Every structure is written in structure tokens, then in C-alpha cells.
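S.K.: File follows, coords-v4.cif with mmCIF, C-alpha atoms:
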```cif
data_start
loop_
_atom_site.label_atom_id
_atom_site.label_comp_id
_atom_site.auth_asym_id
_atom_site.auth_seq_id
_atom_site.Cartn_x
_atom_site.Cartn_y
_atom_site.Cartn_z
CA MET A 1 0.53 14.91 34.88
CA ALA A 2 1.08 16.17 31.37
CA PHE A 3 1.02 13.43 28.71
CA VAL A 4 4.27 14.55 27.08
CA PRO A 5 7.40 14.55 29.32
CA TYR A 6 8.86 18.05 29.18
CA PRO A 7 12.49 16.96 28.64
CA LEU A 8 11.42 15.53 25.27
CA THR A 9 9.64 18.73 24.32
CA ARG A 10 12.56 20.84 25.48
CA SER A 11 15.06 18.85 23.42
CA PHE A 12 13.03 19.61 20.31
CA LEU A 13 12.48 23.28 21.16
CA PHE A 14 16.10 23.91 22.14
CA GLY A 15 17.09 22.62 18.73
CA LEU A 16 15.38 25.67 17.25
CA ASP A 17 16.32 29.33 17.35
CA ALA A 18 15.12 30.72 20.70
CA GLU A 19 12.53 33.12 19.30
CA THR A 20 11.27 30.55 16.79
CA ALA A 21 10.78 28.09 19.65
CA HIS A 22 9.01 30.77 21.68
CA ASP A 23 6.62 31.65 18.85
CA LEU A 24 5.94 28.00 18.03
CA THR A 25 5.11 27.22 21.65
CA LEU A 26 2.74 30.15 22.06
CA GLY A 27 1.11 29.53 18.70
CA THR A 28 0.46 25.90 19.59
CA LEU A 29 -0.92 26.79 23.02
CA ALA A 30 -3.20 29.41 21.51
CA ARG A 31 -4.62 26.86 19.08
CA ILE A 32 -5.20 24.04 21.57
CA GLN A 33 -6.10 25.89 24.76
CA HIS A 34 -9.86 25.58 24.29
CA THR A 35 -9.80 22.07 22.81
CA PRO A 36 -9.36 18.60 24.33
CA LEU A 37 -5.74 18.67 23.13
CA ILE A 38 -4.88 20.92 26.09
CA ARG A 39 -4.77 17.72 28.15
CA VAL A 40 -1.38 17.05 26.57
CA VAL A 41 0.15 19.74 28.80
CA ALA A 42 -2.44 20.05 31.58
CA GLN A 43 -1.74 19.21 35.21
CA PRO A 44 -3.67 19.81 38.44
CA ARG A 45 -3.28 23.13 40.20
CA VAL A 46 -1.86 22.85 43.71
CA ASP A 47 -4.44 24.17 46.19
CA ASP A 48 -2.70 26.56 48.57
CA PRO A 49 -4.85 29.70 48.79
CA VAL A 50 -3.41 32.93 50.15
CA THR A 51 -4.72 36.48 50.26
CA VAL A 52 -2.30 39.21 49.12
CA ALA A 53 -3.23 42.81 48.29
CA GLY A 54 -6.85 41.91 48.94
CA LEU A 55 -6.81 39.19 46.27
CA ARG A 56 -7.27 35.48 46.90
CA PHE A 57 -4.55 33.61 45.01
CA PRO A 58 -5.17 29.85 44.50
CA ASN A 59 -1.48 29.24 45.17
CA ARG A 60 1.71 31.29 45.41
CA ILE A 61 3.23 30.43 42.01
CA GLY A 62 2.67 32.71 39.05
CA LEU A 63 3.97 33.31 35.56
CA ALA A 64 5.98 36.50 35.11
CA ALA A 65 5.15 39.00 32.40
CA GLY A 66 7.04 38.81 29.12
CA LEU A 67 6.32 35.25 28.07
CA ASP A 68 2.84 35.99 26.70
CA LYS A 69 3.08 39.65 25.75
CA ASN A 70 -0.22 39.71 23.85
CA GLY A 71 -2.30 37.62 26.27
CA ARG A 72 -2.96 34.98 23.60
CA CYS A 73 -2.38 31.90 25.75
CA ILE A 74 -3.79 32.72 29.18
CA ASP A 75 -5.99 29.62 29.40
CA GLY A 76 -3.36 27.35 27.89
CA LEU A 77 -0.85 28.46 30.48
CA ALA A 78 -3.46 28.26 33.23
CA ALA A 79 -3.97 24.56 32.48
CA MET A 80 -0.42 23.94 33.75
CA GLY A 81 -1.32 24.86 37.32
CA PHE A 82 -0.37 28.49 37.84
CA GLY A 83 -2.16 30.26 40.66
CA PHE A 84 -1.75 33.55 38.86
CA ILE A 85 -0.60 34.69 35.44
CA GLU A 86 0.78 38.05 34.38
CA VAL A 87 0.67 38.97 30.70
CA GLY A 88 2.17 41.87 28.76
CA THR A 89 4.04 44.14 28.71
CA VAL A 90 1.49 45.88 26.50
CA THR A 91 1.99 49.36 25.07
CA PRO A 92 -0.74 51.70 23.79
CA LYS A 93 0.28 51.21 20.15
CA ALA A 94 1.56 48.08 18.43
CA GLN A 95 5.31 48.00 17.92
CA PRO A 96 7.74 45.47 16.43
CA GLY A 97 10.40 45.68 19.13
CA ASN A 98 14.11 45.46 18.46
CA PRO A 99 15.76 43.79 15.44
CA LYS A 100 16.29 40.03 15.46
CA PRO A 101 18.06 37.99 16.73
CA ARG A 102 17.02 39.20 20.17
CA ILE A 103 16.74 36.11 22.42
CA PHE A 104 19.78 34.04 23.35
CA ARG A 105 20.01 30.88 25.45
CA LEU A 106 22.94 30.46 27.82
CA GLN A 107 22.30 26.85 28.70
CA GLN A 108 25.43 26.35 30.78
CA ALA A 109 24.25 29.14 33.10
CA ARG A 110 20.54 28.17 32.88
CA ALA A 111 19.88 31.67 31.65
CA LEU A 112 18.52 33.78 28.82
CA ILE A 113 19.40 37.17 27.41
CA ASN A 114 16.63 39.04 25.62
CA ARG A 115 16.37 42.45 24.03
CA LEU A 116 12.86 42.08 22.67
CA GLY A 117 11.90 45.68 23.39
CA PHE A 118 8.20 45.41 24.27
CA ASN A 119 7.24 43.85 20.94
CA ASN A 120 3.45 43.52 21.03
CA ASP A 121 0.26 43.96 19.01
CA GLY A 122 -0.97 46.98 20.96
CA LEU A 123 -3.61 47.61 23.60
CA ASP A 124 -6.74 46.88 21.55
CA ALA A 125 -5.56 43.44 20.40
CA PHE A 126 -4.30 42.66 23.90
CA LEU A 127 -7.66 43.47 25.49
CA ALA A 128 -9.53 41.38 22.93
CA ASN A 129 -7.41 38.37 23.94
CA VAL A 130 -7.82 39.06 27.65
CA LYS A 131 -11.61 39.26 27.32
CA ARG A 132 -11.71 35.80 25.71
CA ALA A 133 -9.78 34.14 28.53
CA ARG A 134 -11.64 32.01 31.08
CA PHE A 135 -8.89 31.92 33.72
CA ARG A 136 -10.40 34.55 36.00
CA SER A 137 -13.83 32.92 35.97
CA GLN A 138 -12.13 29.69 37.05
CA GLY A 139 -10.60 31.29 40.12
CA GLY A 140 -7.21 32.35 38.76
CA ILE A 141 -5.68 35.77 39.31
CA LEU A 142 -4.73 37.74 36.20
CA GLY A 143 -2.18 40.53 36.20
CA LEU A 144 -1.91 42.92 33.26
CA ASN A 145 1.46 44.59 32.73
CA ILE A 146 1.68 48.01 31.06
CA GLY A 147 4.56 49.97 29.55
CA LYS A 148 5.37 52.85 27.23
CA ASN A 149 5.94 52.84 23.49
CA ALA A 150 9.55 53.13 22.35
CA ALA A 151 8.67 56.16 20.21
CA THR A 152 7.13 58.04 23.13
CA PRO A 153 9.65 60.53 24.57
CA ILE A 154 10.52 59.73 28.17
CA GLU A 155 9.12 63.10 29.27
CA HIS A 156 5.70 61.95 28.01
CA ALA A 157 5.91 58.43 29.42
CA VAL A 158 3.18 59.14 31.98
CA ASP A 159 0.69 59.59 29.13
CA ASP A 160 1.33 56.06 27.85
CA TYR A 161 1.00 54.52 31.30
CA LEU A 162 -2.32 56.29 31.89
CA ILE A 163 -3.64 55.09 28.51
CA GLY A 164 -2.62 51.57 29.46
CA LEU A 165 -4.14 51.82 32.93
CA ASP A 166 -7.43 53.12 31.52
CA GLY A 167 -7.59 50.20 29.10
CA VAL A 168 -6.63 47.30 31.34
CA TYR A 169 -8.24 48.35 34.62
CA PRO A 170 -11.70 46.80 34.05
CA HIS A 171 -10.20 43.46 33.00
CA ALA A 172 -7.38 42.99 35.52
CA ASP A 173 -7.13 41.53 38.99
CA TYR A 174 -3.99 43.62 39.39
CA VAL A 175 -2.04 45.98 37.14
CA THR A 176 1.74 46.13 36.91
CA VAL A 177 3.56 49.32 35.95
CA ASN A 178 6.76 48.16 34.26
CA ILE A 179 9.52 50.74 34.62
CA SER A 180 12.43 48.30 34.68
CA SER A 181 12.94 46.73 31.27
CA PRO A 182 16.49 47.45 30.04
CA ASN A 183 15.33 47.16 26.42
CA THR A 184 13.40 50.42 26.00
CA LYS A 185 15.64 53.48 25.85
CA ASN A 186 15.69 55.54 29.08
CA LEU A 187 12.87 53.50 30.66
CA ARG A 188 14.84 52.72 33.80
CA ALA A 189 15.28 56.45 34.36
CA LEU A 190 11.70 56.33 35.62
CA GLN A 191 13.02 54.54 38.73
CA SER A 192 14.80 57.73 39.83
CA ASP A 193 13.40 59.84 42.65
CA GLU A 194 11.52 62.70 40.98
CA ALA A 195 10.49 60.79 37.83
CA LEU A 196 9.11 57.88 39.86
CA ASP A 197 7.21 60.17 42.19
CA ALA A 198 5.63 62.03 39.28
CA LEU A 199 4.65 58.80 37.50
CA LEU A 200 3.23 57.06 40.56
CA SER A 201 1.37 60.15 41.68
CA ALA A 202 -0.37 60.34 38.29
CA VAL A 203 -1.07 56.60 38.28
CA GLN A 204 -2.56 56.68 41.77
CA GLU A 205 -4.75 59.68 40.95
CA ARG A 206 -6.08 57.90 37.85
CA LYS A 207 -6.55 54.66 39.80
CA VAL A 208 -8.79 56.45 42.32
CA ALA A 209 -10.93 57.80 39.48
CA LEU A 210 -11.14 54.38 37.82
CA ALA A 211 -12.12 52.70 41.08
CA LYS A 212 -15.04 55.09 41.38
CA ARG A 213 -16.03 54.57 37.74
CA TYR A 214 -16.00 50.77 37.89
CA GLY A 215 -16.90 50.24 41.53
CA ARG A 216 -13.94 47.97 42.23
CA GLN A 217 -10.45 48.34 43.60
CA VAL A 218 -7.69 46.94 41.37
CA PRO A 219 -4.28 46.83 43.07
CA VAL A 220 -1.36 48.43 41.25
CA PHE A 221 2.14 46.95 41.48
CA VAL A 222 5.41 48.44 40.26
CA LYS A 223 8.10 46.21 38.73
CA ILE A 224 11.67 47.24 39.47
CA ALA A 225 15.16 46.21 38.40
CA PRO A 226 17.78 44.17 40.28
CA ASP A 227 20.51 46.66 39.31
CA LEU A 228 19.80 49.07 42.14
CA ASP A 229 21.97 50.02 45.09
CA GLU A 230 20.70 50.28 48.65
CA ALA A 231 20.05 54.02 48.42
CA GLN A 232 18.02 53.59 45.24
CA VAL A 233 15.92 50.81 46.75
CA GLN A 234 15.34 52.95 49.81
CA VAL A 235 14.07 55.83 47.67
CA ILE A 236 11.82 53.53 45.66
CA ALA A 237 10.34 52.00 48.80
CA ALA A 238 9.60 55.43 50.24
CA THR A 239 8.04 56.59 46.96
CA LEU A 240 5.82 53.50 46.76
CA LYS A 241 4.49 54.15 50.25
CA LYS A 242 4.10 57.89 49.70
CA ASN A 243 1.92 57.34 46.64
CA GLY A 244 -0.18 54.52 48.08
CA ILE A 245 1.01 51.92 45.56
CA ASP A 246 -0.35 48.50 46.50
CA GLY A 247 2.70 46.32 45.91
CA VAL A 248 6.05 45.78 44.21
CA ILE A 249 7.48 43.11 41.90
CA ALA A 250 11.18 42.42 42.36
CA THR A 251 12.84 41.99 40.00
CA ASN A 252 13.13 42.33 36.25
CA THR A 253 16.19 41.19 34.26
CA THR A 254 19.71 42.40 34.94
CA ILE A 255 22.24 44.22 32.78
CA ALA A 256 25.10 42.70 34.81
CA ARG A 257 27.24 40.17 32.96
CA GLU A 258 29.87 39.00 35.47
CA ALA A 259 28.38 35.52 35.77
CA VAL A 260 28.10 34.86 32.03
CA LYS A 261 30.65 37.04 30.21
CA HIS A 262 32.83 33.97 29.51
CA LEU A 263 29.98 32.09 27.79
CA PRO A 264 28.85 32.18 24.15
CA HIS A 265 26.39 35.10 23.77
CA GLY A 266 27.28 36.22 27.29
CA ASP A 267 28.11 39.71 26.07
CA GLU A 268 24.89 40.24 24.10
CA ALA A 269 22.99 43.43 24.92
CA GLY A 270 19.70 43.07 26.74
CA GLY A 271 18.34 41.72 29.99
CA LEU A 272 19.83 38.62 31.59
CA SER A 273 17.37 36.31 33.33
CA GLY A 274 17.53 32.90 34.98
CA LYS A 275 19.87 31.55 37.63
CA PRO A 276 22.46 34.38 37.45
CA VAL A 277 19.89 36.96 38.63
CA PHE A 278 18.72 34.89 41.61
CA GLU A 279 20.89 36.42 44.33
CA ALA A 280 20.60 40.00 43.05
CA SER A 281 16.83 39.66 43.04
CA ASN A 282 16.80 38.23 46.57
CA ARG A 283 19.00 41.09 47.79
CA VAL A 284 16.49 43.65 46.51
CA ILE A 285 13.58 41.68 47.99
CA ARG A 286 15.25 41.55 51.41
CA GLN A 287 15.85 45.29 51.44
CA LEU A 288 12.32 46.04 50.25
CA ARG A 289 10.89 43.92 53.03
CA ALA A 290 13.03 45.74 55.59
CA GLU A 291 12.00 49.13 54.21
CA LEU A 292 8.32 48.41 53.59
CA GLY A 293 7.42 46.37 56.67
CA SER A 294 5.96 42.92 57.13
CA SER A 295 2.56 43.42 55.50
CA TYR A 296 3.45 45.19 52.24
CA PRO A 297 2.82 42.92 49.21
CA ILE A 298 5.98 41.79 47.40
CA ILE A 299 6.09 39.44 44.40
CA GLY A 300 9.51 37.84 44.01
CA VAL A 301 10.86 36.84 40.61
CA GLY A 302 14.30 36.11 39.25
CA GLY A 303 16.18 32.85 38.89
CA VAL A 304 13.64 30.44 40.36
CA MET A 305 14.67 27.06 38.94
CA SER A 306 13.38 24.75 41.70
CA GLY A 307 11.07 24.43 44.66
CA ALA A 308 13.98 25.30 46.94
CA ASP A 309 14.57 28.50 44.97
CA ALA A 310 10.91 29.45 45.37
CA CYS A 311 11.19 28.93 49.12
CA ALA A 312 14.33 31.09 49.16
CA LYS A 313 12.31 33.90 47.60
CA ARG A 314 9.83 33.54 50.46
CA GLU A 315 12.66 33.56 53.00
CA ALA A 316 13.93 36.78 51.43
CA GLY A 317 10.51 38.37 51.98
CA ALA A 318 8.32 37.67 48.95
CA ASP A 319 4.65 36.83 49.49
CA LEU A 320 4.24 35.36 46.01
CA VAL A 321 6.71 33.97 43.50
CA GLN A 322 6.84 34.20 39.71
CA VAL A 323 8.77 32.10 37.21
CA TYR A 324 9.81 32.72 33.62
CA THR A 325 13.24 31.45 32.58
CA GLY A 326 12.98 28.56 35.03
CA PHE A 327 9.75 27.62 33.29
CA ILE A 328 11.55 27.62 29.93
CA TYR A 329 14.19 25.24 31.28
CA GLY A 330 12.05 23.16 33.62
CA GLY A 331 8.61 23.23 31.99
CA PRO A 332 5.30 22.54 33.72
CA PRO A 333 6.84 20.24 36.38
CA LEU A 334 8.52 23.30 37.90
CA ILE A 335 5.12 24.86 38.61
CA THR A 336 3.95 21.88 40.60
CA GLU A 337 7.30 21.43 42.37
CA ALA A 338 7.46 25.06 43.42
CA ALA A 339 3.81 25.27 44.48
CA ARG A 340 4.14 22.11 46.57
CA ALA A 341 7.36 23.35 48.19
CA LEU A 342 5.75 26.63 49.17
CA LYS A 343 2.67 24.87 50.50
CA ALA A 344 4.86 22.60 52.63
CA ARG A 345 6.78 25.62 53.87
CA GLY A 346 3.60 27.37 54.94
#
```
Take the structure in the file and give it back as C-alpha cells.
M.R.:
Amino acid sequence: MAFVPYPLTRSFLFGLDAETAHDLTLGTLARIQHTPLIRVVAQPRVDDPVTVAGLRFPNRIGLAAGLDKNGRCIDGLAAMGFGFIEVGTVTPKAQPGNPKPRIFRLQQARALINRLGFNNDGLDAFLANVKRARFRSQGGILGLNIGKNAATPIEHAVDDYLIGLDGVYPHADYVTVNISSPNTKNLRALQSDEALDALLSAVQERKVALAKRYGRQVPVFVKIAPDLDEAQVQVIAATLKKNGIDGVIATNTTIAREAVKHLPHGDEAGGLSGKPVFEASNRVIRQLRAELGSSYPIIGVGGVMSGADACAKREAGADLVQVYTGFIYGGPPLITEAARALKARG
């Protein structure tokens, strides 16, 4: 177990502005991750191996992209027991993201709203951090999440994704194409029929070339939004299969506000995550499983706050489960609880 009970840490962090707390946490982890001080937060990783998309995951619980956008803290986060970690979203060029304040806690709803806007240090800095990480050599699975720069016109978005894919491919266990953040203008338009087909066709063609160049197959996943109707999910599922995409991550944050509009900050622009997105995410997962069949890899994410929630994601059809906002509220104990619950479920 970690030496410092998370409720004490959370009380301190929640007394700070949300983005200040976020930056302080990542900065501290980055400094201590390769020192004996990492024992303060370390805990054993639950052993529950499973093979998905040709990859052997040490357990079914992973960290969703967005927490560590620059890949600075991979080993620090790994010490907490994740079976897999996804970092990014990274864009080809560094960008500051949207103006602050841009992260808001909705504690009553166990939720967050963020409008960060893919703030990151760019592909070169990201890759330098990824190369220093030891997680993969210790058996962990590392996903690298790629997106487009805000300044890149949507009609040239494919160019940014191909630059990202070229850069991350040699260093990833899997690559995620993020087309579902609500915080980059027009990005979700890439989930529409023709735009998605064009993007995924180009990505798959480049992936085939990269596999030949590096002599290894790296699965590609696509991350989609929860704010999709049945017809849209059906089209996405068909397009994923048509283009030979290896898996799907469902879902990103929601733009819906019905569950939180009465709360302070409930009407802030951005993506809502945490408990309020749980059912919407599960609905998309269930439909994807029905459309894609029993063997197609699905990573479920959205509102996992407990071991029971993780199991509900599995019941909906997810092979693997990611946490983010639940990790903010529950800390490292959530990782162990969820991994144990999924192991017991089988």
C-alpha cells in the first residue's frame, strides 16, 4: 500500500485550483518517479493477464489519455499498479491550449469539466519523455494518443495525424487516434461518415507502411465521443471494420449538461467527465459490441469510480477499462479495487 493515505492528499490538492493541483501532482511524480521516494505512492500491480488486440496486458485497468499529456510521469503512474497507461494527446507542434481557467471540479457530482484544448509540448518533447520511460520494459502496455493542432484547418487534419503516427509508432504498444475531444474546434466532425472514412483509410495505409519499416505490428485504436446517436455509432462501427482499425475506445468526455447544470460551474464550456458520463459511455459500448461482434477490441472509459463500475463496463462489452476522473477522486486505491474486481469477475 502507498505510505500516504489518498484522502489526506486529496484534501490538500482539492484546496488548490484544479489545474494548479494537476500540475503540482505531475511535477512531483516526474521528480520522484526514478528515486526511492516513489515508494510513497507505490502499490503492487494486480496480476490478471489478458490478451487484447494481440497485446498481453498485465491486468485490465489502464489510465486514460489526458492526465499526462506530455508523457512525463509514465513510470510514476506505473508504480501505482496500472496494467496499461495511455499518454497524450500529443500534437505535431507544441501549443498552449485554451485560456485559463479551464478545469473545474464538480465535487457533488464526482465530475470534472475541462476545456484544456490539447495543451502539450509537441511531438519531439513527448517522444523524448516516452523514450526515457521504463514501463514497457517492465511488462506494462503503453498507448500513445495523437491529435491535430488547433491551428491546422480541419480539411488538413489527416496530415497532422500522419505526422503523429509516424513519430509515435516505433515507441508505442498501441496508438490512439483521438477524434472526439470537444475542445478543439470542428474535431468531432471527423466522426462523420466521409471524413472518418478518409482519415482512417489514410491512417491504415500509413500503418501498413510503418509495420513493414519497423517489422512490428502496432494496433491502432480510435477514441470516440459519448454524444452519438445509434445511427452515428452504427456508421462508425462499419467504418472501423471497413478500414481494418484494430480497436475502439469508448468514450471521451460529454458536452451534455443535464446532470450538472444546477451545480456551480455546471454550465462551463468543455468536456464533462466522471460519474455523469457513465451511462452514456456504457450505452455506446453496448451498441459497439453489438455492431462489431464478440472479438473486436473495445476499451471502455467514462465514469468508473469503483470496482463495481469497472465490472459494469465489462458487462456492457468492454475488454479493458480505463480511469481518469475516478482516479482524481479515488486515487491509487481505485486502481487496485477495480483490478481486483475485474479479476474476480473473470
S.K.: Go ahead and compute the interatomic distance for atom CA of A:Ala290 and atom CA of A:Ala231, in Å to one decimal.
M.R.: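 Going from atom CA of A:Ala290 over to atom CA of A:Ala231 covers 13.0 Å.
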S.K.: From the set A:Ala128, A:Ile224, A:Ala42, A:Ile249, which residue has the shortest atom-to-atom contact distance to A:Ala189, counting all atoms listed in the file?
M.R.: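 Among the listed residues, the smallest separation from A:Ala189 belongs to A:Ile224.
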S.K.: With distances taken over all atoms listed in the file, which residue among A:Glu268, A:Asp193, A:Glu279, A:Asp23 lies nearest A:Ala237?
M.R.: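 That would be A:Asp193, the residue with the smallest distance to A:Ala237.
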S.K.: Can you tell me how far atom CA of A:Gly15 sits from atom CA of A:Val41, in Å to one decimal?
M.R.: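 So the two atoms, atom CA of A:Gly15 and atom CA of A:Val41, lie 19.9 Å apart.
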S.K.: With distances taken over all atoms listed in the file, which of A:Ala259, A:Ile328, A:Val87, A:Ala341 is nearest to A:Leu13?
M.R.: A:Ile328
S.K.: Restricting the calculation to only C-alpha atoms: of A:Ala310, A:Ala269, A:Met305, A:Ala338, which residue gets closest to A:Arg45?
M.R.: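 So, comparing all the options, the nearest one is A:Ala338.
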S.K.: What's the separation between atom CA of A:Val130 and atom CA of A:Leu162, in Å to one decimal place?
M.R.: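 Pair atom CA of A:Val130 / atom CA of A:Leu162 returns 18.6 Å.
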S.K.: Quick one: of A:Ile299, A:Ile146, A:Ile245, A:Val40, who's nearest to A:Tyr6, counting all atoms listed in the file?
M.R.: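 Among the listed residues, A:Val40 lies closest to A:Tyr6.
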S.K.: Using all atoms listed in the file, which residue out of A:Ile74, A:Leu116, A:Leu127, A:Ala202 lies closest to A:His34?
M.R.: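 Closest to A:His34 of all the choices is A:Ile74.
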S.K.: Apply the PyMOL selection byres ((chain A and resi 120) around 12) to the displayed file and report the matching residues as a PyMOL selection string.
M.R.: chain A and resi 66-72+87-98+116-119+121-127+145-150
S.K.: For the residues selected in the previous step, produce a file with C-alpha atoms as a PDB file, in the frame of the given file.
M.R.:
```
ATOM      1  CA  GLY A  66       7.040  38.810  29.120  1.00  0.00           C
ATOM      2  CA  LEU A  67       6.320  35.250  28.070  1.00  0.00           C
ATOM      3  CA  ASP A  68       2.840  35.990  26.700  1.00  0.00           C
ATOM      4  CA  LYS A  69       3.080  39.650  25.750  1.00  0.00           C
ATOM      5  CA  ASN A  70      -0.220  39.710  23.850  1.00  0.00           C
ATOM      6  CA  GLY A  71      -2.300  37.620  26.270  1.00  0.00           C
ATOM      7  CA  ARG A  72      -2.960  34.980  23.600  1.00  0.00           C
ATOM      8  CA  VAL A  87       0.670  38.970  30.700  1.00  0.00           C
ATOM      9  CA  GLY A  88       2.170  41.870  28.760  1.00  0.00           C
ATOM     10  CA  THR A  89       4.040  44.140  28.710  1.00  0.00           C
ATOM     11  CA  VAL A  90       1.490  45.880  26.500  1.00  0.00           C
ATOM     12  CA  THR A  91       1.990  49.360  25.070  1.00  0.00           C
ATOM     13  CA  PRO A  92      -0.740  51.700  23.790  1.00  0.00           C
ATOM     14  CA  LYS A  93       0.280  51.210  20.150  1.00  0.00           C
ATOM     15  CA  ALA A  94       1.560  48.080  18.430  1.00  0.00           C
ATOM     16  CA  GLN A  95       5.310  48.000  17.920  1.00  0.00           C
ATOM     17  CA  PRO A  96       7.740  45.470  16.430  1.00  0.00           C
ATOM     18  CA  GLY A  97      10.400  45.680  19.130  1.00  0.00           C
ATOM     19  CA  ASN A  98      14.110  45.460  18.460  1.00  0.00           C
ATOM     20  CA  LEU A 116      12.860  42.080  22.670  1.00  0.00           C
ATOM     21  CA  GLY A 117      11.900  45.680  23.390  1.00  0.00           C
ATOM     22  CA  PHE A 118       8.200  45.410  24.270  1.00  0.00           C
ATOM     23  CA  ASN A 119       7.240  43.850  20.940  1.00  0.00           C
ATOM     24  CA  ASP A 121       0.260  43.960  19.010  1.00  0.00           C
ATOM     25  CA  GLY A 122      -0.970  46.980  20.960  1.00  0.00           C
ATOM     26  CA  LEU A 123      -3.610  47.610  23.600  1.00  0.00           C
ATOM     27  CA  ASP A 124      -6.740  46.880  21.550  1.00  0.00           C
ATOM     28  CA  ALA A 125      -5.560  43.440  20.400  1.00  0.00           C
ATOM     29  CA  PHE A 126      -4.300  42.660  23.900  1.00  0.00           C
ATOM     30  CA  LEU A 127      -7.660  43.470  25.490  1.00  0.00           C
ATOM     31  CA  ASN A 145       1.460  44.590  32.730  1.00  0.00           C
ATOM     32  CA  ILE A 146       1.680  48.010  31.060  1.00  0.00           C
ATOM     33  CA  GLY A 147       4.560  49.970  29.550  1.00  0.00           C
ATOM     34  CA  LYS A 148       5.370  52.850  27.230  1.00  0.00           C
ATOM     35  CA  ASN A 149       5.940  52.840  23.490  1.00  0.00           C
ATOM     36  CA  ALA A 150       9.550  53.130  22.350  1.00  0.00           C
TER      37      ALA A 150
END
```
S.K.: Would you kindly return, as an MDAnalysis selection string, each protein, DNA or RNA residue with an atom no farther than 10 Å from any atom of A:Ser306, considering all atoms listed in the file and excluding same-chain residues fewer than 5 positions away?
M.R.: chainID A and resid 311:312 323 326:327 330 333:339 341
S.K.: Selected by the PyMOL selection byres ((chain A and resi 171-185) around 7) in the shown coordinates: which residues, as a PDB file with C-alpha atoms, in the coordinates of the input?
M.R.:
```pdb
ATOM      1  CA  ARG A 115      16.370  42.450  24.030  1.00  0.00           C
ATOM      2  CA  LEU A 116      12.860  42.080  22.670  1.00  0.00           C
ATOM      3  CA  GLY A 117      11.900  45.680  23.390  1.00  0.00           C
ATOM      4  CA  ILE A 141      -5.680  35.770  39.310  1.00  0.00           C
ATOM      5  CA  LEU A 142      -4.730  37.740  36.200  1.00  0.00           C
ATOM      6  CA  GLY A 143      -2.180  40.530  36.200  1.00  0.00           C
ATOM      7  CA  LEU A 144      -1.910  42.920  33.260  1.00  0.00           C
ATOM      8  CA  ASN A 145       1.460  44.590  32.730  1.00  0.00           C
ATOM      9  CA  ILE A 146       1.680  48.010  31.060  1.00  0.00           C
ATOM     10  CA  GLY A 147       4.560  49.970  29.550  1.00  0.00           C
ATOM     11  CA  ALA A 150       9.550  53.130  22.350  1.00  0.00           C
ATOM     12  CA  VAL A 168      -6.630  47.300  31.340  1.00  0.00           C
ATOM     13  CA  TYR A 169      -8.240  48.350  34.620  1.00  0.00           C
ATOM     14  CA  PRO A 170     -11.700  46.800  34.050  1.00  0.00           C
ATOM     15  CA  ASN A 186      15.690  55.540  29.080  1.00  0.00           C
ATOM     16  CA  LEU A 187      12.870  53.500  30.660  1.00  0.00           C
ATOM     17  CA  ARG A 188      14.840  52.720  33.800  1.00  0.00           C
ATOM     18  CA  LEU A 190      11.700  56.330  35.620  1.00  0.00           C
ATOM     19  CA  GLN A 191      13.020  54.540  38.730  1.00  0.00           C
ATOM     20  CA  VAL A 218      -7.690  46.940  41.370  1.00  0.00           C
ATOM     21  CA  PRO A 219      -4.280  46.830  43.070  1.00  0.00           C
ATOM     22  CA  VAL A 220      -1.360  48.430  41.250  1.00  0.00           C
ATOM     23  CA  PHE A 221       2.140  46.950  41.480  1.00  0.00           C
ATOM     24  CA  VAL A 222       5.410  48.440  40.260  1.00  0.00           C
ATOM     25  CA  LYS A 223       8.100  46.210  38.730  1.00  0.00           C
ATOM     26  CA  ILE A 224      11.670  47.240  39.470  1.00  0.00           C
ATOM     27  CA  ALA A 225      15.160  46.210  38.400  1.00  0.00           C
ATOM     28  CA  ASN A 252      13.130  42.330  36.250  1.00  0.00           C
ATOM     29  CA  GLY A 270      19.700  43.070  26.740  1.00  0.00           C
ATOM     30  CA  GLY A 271      18.340  41.720  29.990  1.00  0.00           C
TER      31      GLY A 271
END
```
S.K.: Once the PyMOL selection byres ((chain A and resi 59) around 6) has been evaluated on this model, what residues remain selected, and can you format them as a list in words?
M.R.: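 That expression, the PyMOL selection byres ((chain A and resi 59) around 6), corresponds here to Asp47, Asp48, Pro49, Phe57, Pro58, Arg60, Ile61 and Gly83 of chain A.
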S.K.: Determine the axis-aligned bounding box of all atoms of stretch 309-313 of chain A present in the file, pad each side by 3 Å, and express its centre and edge lengths in Å to one decimal place as lines of an AutoDock Vina configuration file.
M.R.:
```
center_x = 12.7
center_y = 31.2
center_z = 47.1
size_x = 9.7
size_y = 11.4
size_z = 10.2
```
S.K.: Skipping near chain neighbours, those fewer than 4 positions away, what residues fall within 12 Å of A:Ala318 using all atoms listed in the file, listed as number ranges by chain?
M.R.: A: 52, 60-61, 247-251, 281-290, 292-302, 309-314, 322, 342
S.K.: Please export stretch 120-128 of chain A as a tab-separated table (two decimals), in the first residue's frame, restricted to N, CA, C and O atoms.
M.R.:
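Final output, out_17.tsv:
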```tsv
chain	number	residue	atom	x	y	z
A	120	ASN	N	0.03	20.95	-24.97
A	120	ASN	CA	1.14	19.99	-24.86
A	120	ASN	C	2.40	20.60	-25.44
A	120	ASN	O	2.36	21.62	-26.12
A	121	ASP	N	3.53	19.95	-25.16
A	121	ASP	CA	4.84	20.47	-25.56
A	121	ASP	C	5.28	20.04	-26.95
A	121	ASP	O	6.41	20.33	-27.35
A	122	GLY	N	4.42	19.34	-27.68
A	122	GLY	CA	4.74	18.95	-29.04
A	122	GLY	C	5.36	17.57	-29.13
A	122	GLY	O	5.80	16.97	-28.12
A	123	LEU	N	5.41	17.05	-30.34
A	123	LEU	CA	5.80	15.65	-30.58
A	123	LEU	C	7.23	15.34	-30.16
A	123	LEU	O	7.49	14.29	-29.57
A	124	ASP	N	8.17	16.22	-30.45
A	124	ASP	CA	9.57	15.92	-30.12
A	124	ASP	C	9.78	15.78	-28.62
A	124	ASP	O	10.45	14.84	-28.16
A	125	ALA	N	9.24	16.71	-27.84
A	125	ALA	CA	9.38	16.63	-26.39
A	125	ALA	C	8.66	15.40	-25.83
A	125	ALA	O	9.16	14.73	-24.92
A	126	PHE	N	7.51	15.11	-26.38
A	126	PHE	CA	6.72	13.94	-25.97
A	126	PHE	C	7.53	12.66	-26.17
A	126	PHE	O	7.64	11.82	-25.27
A	127	LEU	N	8.12	12.51	-27.35
A	127	LEU	CA	8.88	11.30	-27.65
A	127	LEU	C	10.12	11.17	-26.77
A	127	LEU	O	10.49	10.06	-26.37
A	128	ALA	N	10.74	12.28	-26.45
A	128	ALA	CA	11.91	12.23	-25.56
A	128	ALA	C	11.50	11.68	-24.19
A	128	ALA	O	12.23	10.87	-23.59
```
